[in-house]
Amino acid sequence: MTSVLESRPAGHRRRVKTADGIELEVREWGDPNGPELLLVTGVAQSYLSFVKQYSAPEMWNFRIISFDPRGHGLSDKPFGDEWYQDGKRWSGEVQSIIDVMELHKPILVGWSLGGRIVRQYLVDYGDTQLSGVGFLSCRPVEVPEVIGPGNDVVQKLDIDDLGSRIDITSAFLRNCFGLQPDADEFAFALGYNMVCPFEIRQQIGKWWTEPAISEAALRRVTVPTLIVHGRDDILVLPDAADITARLIPHATLSLYDGCGHSVFFEAAERFNAELRDFVKACSDPAAALATAKRRTMAAAS
């Protein structure tokens with residue numbers, strides 16, 4: 001049986017330069033004329049994180065785009081706090097991709113750090129250029145009480161021993177999953193996790209946005225919104241999803257029993273089905289609202 005890693009398509013490669021001069025590694029899959037889905041990955045991760053989305057034939061009706069954020073994967077990796085602590089640099093990456101790739105009202109979906117980048121995009125640009133937004137296992141409102149105990153393994157990153165860096169990265173990556181990947185999948189993910197230097201992880205860790213600013217931006221969201229979170233997430237607690245849902249009352253909230261931080265990988269079949277429904281619904285906001293209401297009623301029954 002062919003594994004998802006063996007069958008993954010490389011995608012069409014593009015280098016996109018941001019307004020502040022960073023070159024980003026961008027990949028595209030699927031139907032170039034289909035609904036546009038822009039996926040933003042998490043800290044120390046890569047567009048490769050979404051292998052179970054862009055390699056799935058049932059997703060190929062969409063134009064799927066993902067990228068390595070600054071400091072990650074094959075994108076530029078400048079050192080210095082100034083490159084990672086200004087929120088407009090992060091939101092500017094998204095806008096640069098929208099402009100250069102000539103996207104027309106994409107659906108913007110962010111996982112973990114990517115969810116904060118989506119939040120920052122909403123702060124700086126609003127949702128007028130989007131047809132929908134998605135928050136995957138993230139804390140758009142950066143309150144400390146939703147930080148889970150799984151982050152304890154990365155409290156100390158100022159180490160210069162490579163073996164220790166591998167140990168810490170491995171422990172953190174394990175905490176990204178409730179349902180653990182197989183040995184090949186884990187080794188693959190560990191490879192791209194190690195590409196993000198620890199110095200840059202420290203610099204990203206200093207980025208913080210005042211909760212009131214985030215809350216105001218989320219309250220202004222009018223496009224269809226999907227919030228997905230694993231109930232067993234030990235990196236970002238599920239309460240974070242509840243906070244986001246309260247601020248965007250029309251959002252669809254989908255919680256996954258038995259899943260951790262990486263629901264799109266751990267429960268890919270269910271997630272892909274929900275994402276397909278969401279993308280289709282984003283072309284009809286009234287349908288999206290009706291779907292959200294039905295799911296809310298079903299969950300309450």
# chains A, B, ... in the order shown; residues from 1 in each chain; ligands from 1

$ closest_atom_pairs --of "segment 64-151 of chain A" --to "segment 50-60 of chain A" --cutoff "12 Å" --atoms "only C-alpha atoms" --output "JSON lines"
{"residue": "A:Ile64", "atom": "CA", "partner": "A:Tyr54", "partner_atom": "CA", "distance": 6.8}
{"residue": "A:Ile65", "atom": "CA", "partner": "A:Tyr54", "partner_atom": "CA", "distance": 8.7}
{"residue": "A:Ser66", "atom": "CA", "partner": "A:Phe50", "partner_atom": "CA", "distance": 8.3}
{"residue": "A:Phe67", "atom": "CA", "partner": "A:Phe50", "partner_atom": "CA", "distance": 10.2}
{"residue": "A:Asp68", "atom": "CA", "partner": "A:Phe50", "partner_atom": "CA", "distance": 11.4}
{"residue": "A:Val109", "atom": "CA", "partner": "A:Phe50", "partner_atom": "CA", "distance": 11.4}
{"residue": "A:Gly110", "atom": "CA", "partner": "A:Phe50", "partner_atom": "CA", "distance": 11.0}
{"residue": "A:Trp111", "atom": "CA", "partner": "A:Phe50", "partner_atom": "CA", "distance": 9.9}
{"residue": "A:Leu136", "atom": "CA", "partner": "A:Phe50", "partner_atom": "CA", "distance": 12.0}

$ residues_around --residues "segment 180-186 of chain A" --least-positions-apart "2" --cutoff "12 Å" --atoms "only C-alpha atoms" --output "number ranges by chain"
A: 3-6, 48-49, 51-52, 169-178, 188-193, 258-263, 265-268

$ select_by_dssp --residues "segment 55-123 of chain A" --states "strand (DSSP E)" --output "PyMOL selection string"
chain A and resi 63-68+107-111

$ closest_residue --among "A:Asn61, A:Asn272, A:Ser75, A:Ser254" --to "Gly230 of chain A" --atoms "only C-alpha atoms"
A:Ser254

$ closest_residue --among "A:Val94, A:Leu39, A:Val133, A:Val154" --to "Phe198 of chain A" --atoms "only C-alpha atoms"
A:Val154

$ residues_around --residues "Pro238 of chain A" --least-positions-apart "2" --cutoff "9 Å" --atoms "only C-alpha atoms" --output "list in words"
Ser137, Cys138, Val146, His229, Gly230, Arg231, Asp232, Asp233, Ile234, Val236, Ala240, Ala241, Asp242 and Leu255 of chain A

$ residues_around --residues "Arg219 of chain A" --least-positions-apart "2" --cutoff "7 Å" --atoms "only C-alpha atoms" --output "tab-separated table (two decimals) with C-alpha atoms, in the first residue's frame"
chain	number	residue	atom	x	y	z
A	215	GLU	CA	-10.84	40.67	20.02
A	216	ALA	CA	-11.86	43.78	18.10
A	217	ALA	CA	-10.62	42.30	14.82
A	221	VAL	CA	-15.38	39.34	10.86
A	247	LEU	CA	-16.17	36.61	19.32
A	248	ILE	CA	-17.42	35.35	15.92

$ closest_residue --among "A:Ile166, A:Ala19, A:Ser46, A:Thr128" --to "Val100 of chain A" --atoms "only C-alpha atoms"
A:Ala19

$ atom_distance --atom1 "atom CA of Leu226 of chain A" --atom2 "atom CA of Thr252 of chain A"
4.9 Å

$ select_by_dssp --residues "segment 127-284 of chain A" --states "helix (DSSP H, G or I)" --output "PyMOL selection string"
chain A and resi 144-146+149-154+162-175+183-194+198-205+211-219+239-247+263-266+268-281

$ write_last_selection --atoms "C-alpha atoms" --output "short mmCIF file (atom, residue, chain, number, x, y, z; two decimals), in the first residue's frame"
data_model
loop_
_atom_site.label_atom_id
_atom_site.label_comp_id
_atom_site.auth_asym_id
_atom_site.auth_seq_id
_atom_site.Cartn_x
_atom_site.Cartn_y
_atom_site.Cartn_z
CA PRO A 144 -2.07 32.80 28.85
CA GLU A 145 -4.74 30.54 30.32
CA VAL A 146 -5.18 28.65 27.02
CA PRO A 149 1.31 21.98 29.38
CA GLY A 150 2.75 20.49 26.20
CA ASN A 151 4.67 23.72 25.67
CA ASP A 152 6.83 23.05 28.72
CA VAL A 153 9.30 21.13 26.55
CA VAL A 154 10.23 24.31 24.66
CA LEU A 162 22.64 19.95 18.35
CA GLY A 163 21.73 16.72 20.11
CA SER A 164 19.70 18.61 22.70
CA ARG A 165 18.00 20.61 19.96
CA ILE A 166 16.95 17.39 18.25
CA ASP A 167 15.65 15.99 21.56
CA ILE A 168 13.60 19.12 22.25
CA THR A 169 12.25 19.30 18.71
CA SER A 170 11.27 15.64 18.86
CA ALA A 171 9.48 16.09 22.19
CA PHE A 172 7.62 19.16 20.92
CA LEU A 173 6.61 17.37 17.74
CA ARG A 174 5.26 14.43 19.76
CA ASN A 175 3.12 16.92 21.66
CA ALA A 183 7.63 6.19 12.20
CA ASP A 184 8.09 7.38 8.62
CA GLU A 185 5.63 10.24 9.02
CA PHE A 186 7.29 11.34 12.25
CA ALA A 187 10.79 11.25 10.74
CA PHE A 188 9.56 13.27 7.76
CA ALA A 189 8.02 15.94 10.03
CA LEU A 190 11.08 16.03 12.31
CA GLY A 191 13.17 16.83 9.24
CA TYR A 192 11.31 20.01 8.37
CA ASN A 193 10.94 20.98 12.03
CA MET A 194 14.73 21.02 12.37
CA PHE A 198 16.17 27.69 17.44
CA GLU A 199 17.30 31.33 17.39
CA ILE A 200 14.36 32.17 15.16
CA ARG A 201 11.96 30.17 17.32
CA GLN A 202 13.02 32.32 20.25
CA GLN A 203 12.43 35.47 18.23
CA ILE A 204 8.97 34.30 17.16
CA GLY A 205 8.20 33.48 20.78
CA PRO A 211 -5.86 40.73 23.36
CA ALA A 212 -8.15 43.76 22.99
CA ILE A 213 -6.78 44.36 19.49
CA SER A 214 -7.36 40.74 18.52
CA GLU A 215 -10.84 40.67 20.02
CA ALA A 216 -11.86 43.78 18.10
CA ALA A 217 -10.62 42.30 14.82
CA LEU A 218 -12.48 39.03 15.37
CA ARG A 219 -15.71 40.84 16.21
CA ASP A 239 -10.89 26.84 25.54
CA ALA A 240 -9.10 28.93 22.92
CA ALA A 241 -11.60 27.74 20.32
CA ASP A 242 -14.48 28.70 22.61
CA ILE A 243 -13.06 32.22 22.95
CA THR A 244 -12.82 32.60 19.18
CA ALA A 245 -16.35 31.24 18.70
CA ARG A 246 -17.78 33.72 21.20
CA LEU A 247 -16.17 36.61 19.32
CA VAL A 263 -6.57 17.44 13.68
CA PHE A 264 -6.06 17.91 9.92
CA PHE A 265 -3.47 15.11 10.07
CA GLU A 266 -4.86 12.92 12.84
CA ALA A 268 -7.73 13.84 7.87
CA GLU A 269 -10.76 12.11 6.35
CA ARG A 270 -13.25 13.92 8.58
CA PHE A 271 -11.34 17.19 8.40
CA ASN A 272 -11.09 17.15 4.60
CA ALA A 273 -14.82 16.48 4.34
CA GLU A 274 -15.62 19.40 6.64
CA LEU A 275 -13.18 21.64 4.82
CA ARG A 276 -14.70 20.74 1.44
CA ASP A 277 -18.17 21.58 2.75
CA PHE A 278 -16.88 24.83 4.19
CA VAL A 279 -15.17 25.91 0.96
CA LYS A 280 -18.33 25.22 -1.01
CA ALA A 281 -20.47 27.05 1.53
#

$ residues_around --residues "Asp124 of chain A" --least-positions-apart "2" --cutoff "12 Å" --atoms "only C-alpha atoms" --output "list in words"
Asp86, Gly87, Lys88, Arg89, Trp90, Ser91, Gly92, Glu93, Val94, Gln95, Ile117, Val118, Arg119, Gln120, Tyr121, Leu122, Gly126, Asp127, Thr128, Gln129, Ile213, Ser214, Ala216, Ala217, Leu218 and Arg220 of chain A

$ write_last_selection --atoms "C-alpha atoms" --output "mmCIF file, in the first residue's frame"
data_model
loop_
_atom_site.group_PDB
_atom_site.id
_atom_site.type_symbol
_atom_site.label_atom_id
_atom_site.label_comp_id
_atom_site.auth_asym_id
_atom_site.auth_seq_id
_atom_site.Cartn_x
_atom_site.Cartn_y
_atom_site.Cartn_z
ATOM 1 C CA ASP A 86 6.122 43.192 14.073
ATOM 2 C CA GLY A 87 2.701 41.778 13.284
ATOM 3 C CA LYS A 88 2.486 43.659 9.994
ATOM 4 C CA ARG A 89 5.396 41.636 8.647
ATOM 5 C CA TRP A 90 3.399 38.434 9.198
ATOM 6 C CA SER A 91 0.163 39.767 7.723
ATOM 7 C CA GLY A 92 2.184 41.284 4.889
ATOM 8 C CA GLU A 93 3.312 37.791 3.879
ATOM 9 C CA VAL A 94 -0.302 36.785 3.313
ATOM 10 C CA GLN A 95 -1.065 39.949 1.382
ATOM 11 C CA ILE A 117 -1.089 35.080 11.351
ATOM 12 C CA VAL A 118 -4.682 34.864 10.081
ATOM 13 C CA ARG A 119 -5.748 36.942 13.097
ATOM 14 C CA GLN A 120 -3.053 39.485 12.313
ATOM 15 C CA TYR A 121 -4.220 39.670 8.712
ATOM 16 C CA LEU A 122 -7.715 40.485 9.985
ATOM 17 C CA GLY A 126 -9.879 43.034 7.514
ATOM 18 C CA ASP A 127 -11.825 40.351 5.632
ATOM 19 C CA THR A 128 -12.921 42.249 2.508
ATOM 20 C CA GLN A 129 -10.373 40.402 0.331
ATOM 21 C CA ILE A 213 -6.780 44.360 19.494
ATOM 22 C CA SER A 214 -7.362 40.736 18.520
ATOM 23 C CA ALA A 216 -11.861 43.777 18.104
ATOM 24 C CA ALA A 217 -10.618 42.304 14.822
ATOM 25 C CA LEU A 218 -12.478 39.034 15.366
ATOM 26 C CA ARG A 220 -15.497 42.601 12.832
#

$ closest_residue --among "A:Leu103, A:Asp20, A:Tyr47, A:Arg15" --to "Pro32 of chain A" --atoms "only C-alpha atoms"
A:Leu103

$ closest_residue --among "A:Lys77, A:His104, A:Lys156, A:Arg116" --to "Trp207 of chain A" --atoms "only C-alpha atoms"
A:Arg116

$ closest_residue --among "A:Leu74, A:Val141, A:Leu179, A:Leu108" --to "Glu25 of chain A" --atoms "only C-alpha atoms"
A:Leu74

$ residues_around --residues "Val16 of chain A" --least-positions-apart "5" --cutoff "9 Å" --atoms "only C-alpha atoms" --output "list in words"
Ile22, Glu23, Leu24, Glu25, Val26, Glu93, Ser96, Ile97, Val100 and Met101 of chain A

$ write_last_selection --atoms "N, CA, C and O atoms" --output "mmCIF file, in the first residue's frame"
data_model
loop_
_atom_site.group_PDB
_atom_site.id
_atom_site.type_symbol
_atom_site.label_atom_id
_atom_site.label_comp_id
_atom_site.auth_asym_id
_atom_site.auth_seq_id
_atom_site.Cartn_x
_atom_site.Cartn_y
_atom_site.Cartn_z
ATOM 1 N N ILE A 22 11.549 39.750 2.053
ATOM 2 C CA ILE A 22 11.717 38.330 2.339
ATOM 3 C C ILE A 22 11.192 37.501 1.164
ATOM 4 O O ILE A 22 10.095 37.760 0.652
ATOM 5 N N GLU A 23 11.955 36.503 0.756
ATOM 6 C CA GLU A 23 11.477 35.577 -0.273
ATOM 7 C C GLU A 23 10.852 34.358 0.391
ATOM 8 O O GLU A 23 11.483 33.692 1.223
ATOM 9 N N LEU A 24 9.620 34.085 0.011
ATOM 10 C CA LEU A 24 8.857 32.972 0.579
ATOM 11 C C LEU A 24 8.777 31.819 -0.402
ATOM 12 O O LEU A 24 8.618 32.022 -1.615
ATOM 13 N N GLU A 25 8.866 30.605 0.139
ATOM 14 C CA GLU A 25 8.655 29.395 -0.651
ATOM 15 C C GLU A 25 7.159 29.104 -0.682
ATOM 16 O O GLU A 25 6.523 28.885 0.363
ATOM 17 N N VAL A 26 6.569 29.124 -1.880
ATOM 18 C CA VAL A 26 5.127 28.947 -2.046
ATOM 19 C C VAL A 26 4.884 27.771 -2.987
ATOM 20 O O VAL A 26 5.598 27.594 -3.972
ATOM 21 N N GLU A 93 3.015 38.996 4.651
ATOM 22 C CA GLU A 93 3.312 37.791 3.879
ATOM 23 C C GLU A 93 2.058 37.297 3.161
ATOM 24 O O GLU A 93 2.096 36.967 1.961
ATOM 25 N N SER A 96 1.120 39.646 0.341
ATOM 26 C CA SER A 96 2.023 39.506 -0.803
ATOM 27 C C SER A 96 1.654 38.298 -1.640
ATOM 28 O O SER A 96 1.680 38.342 -2.884
ATOM 29 N N ILE A 97 1.298 37.185 -0.984
ATOM 30 C CA ILE A 97 0.907 35.984 -1.717
ATOM 31 C C ILE A 97 -0.404 36.216 -2.458
ATOM 32 O O ILE A 97 -0.555 35.826 -3.630
ATOM 33 N N VAL A 100 0.671 38.574 -5.492
ATOM 34 C CA VAL A 100 1.544 37.979 -6.506
ATOM 35 C C VAL A 100 0.881 36.786 -7.191
ATOM 36 O O VAL A 100 1.008 36.602 -8.409
ATOM 37 N N MET A 101 0.170 35.983 -6.417
ATOM 38 C CA MET A 101 -0.491 34.798 -6.981
ATOM 39 C C MET A 101 -1.839 35.142 -7.621
ATOM 40 O O MET A 101 -2.521 34.267 -8.139
#
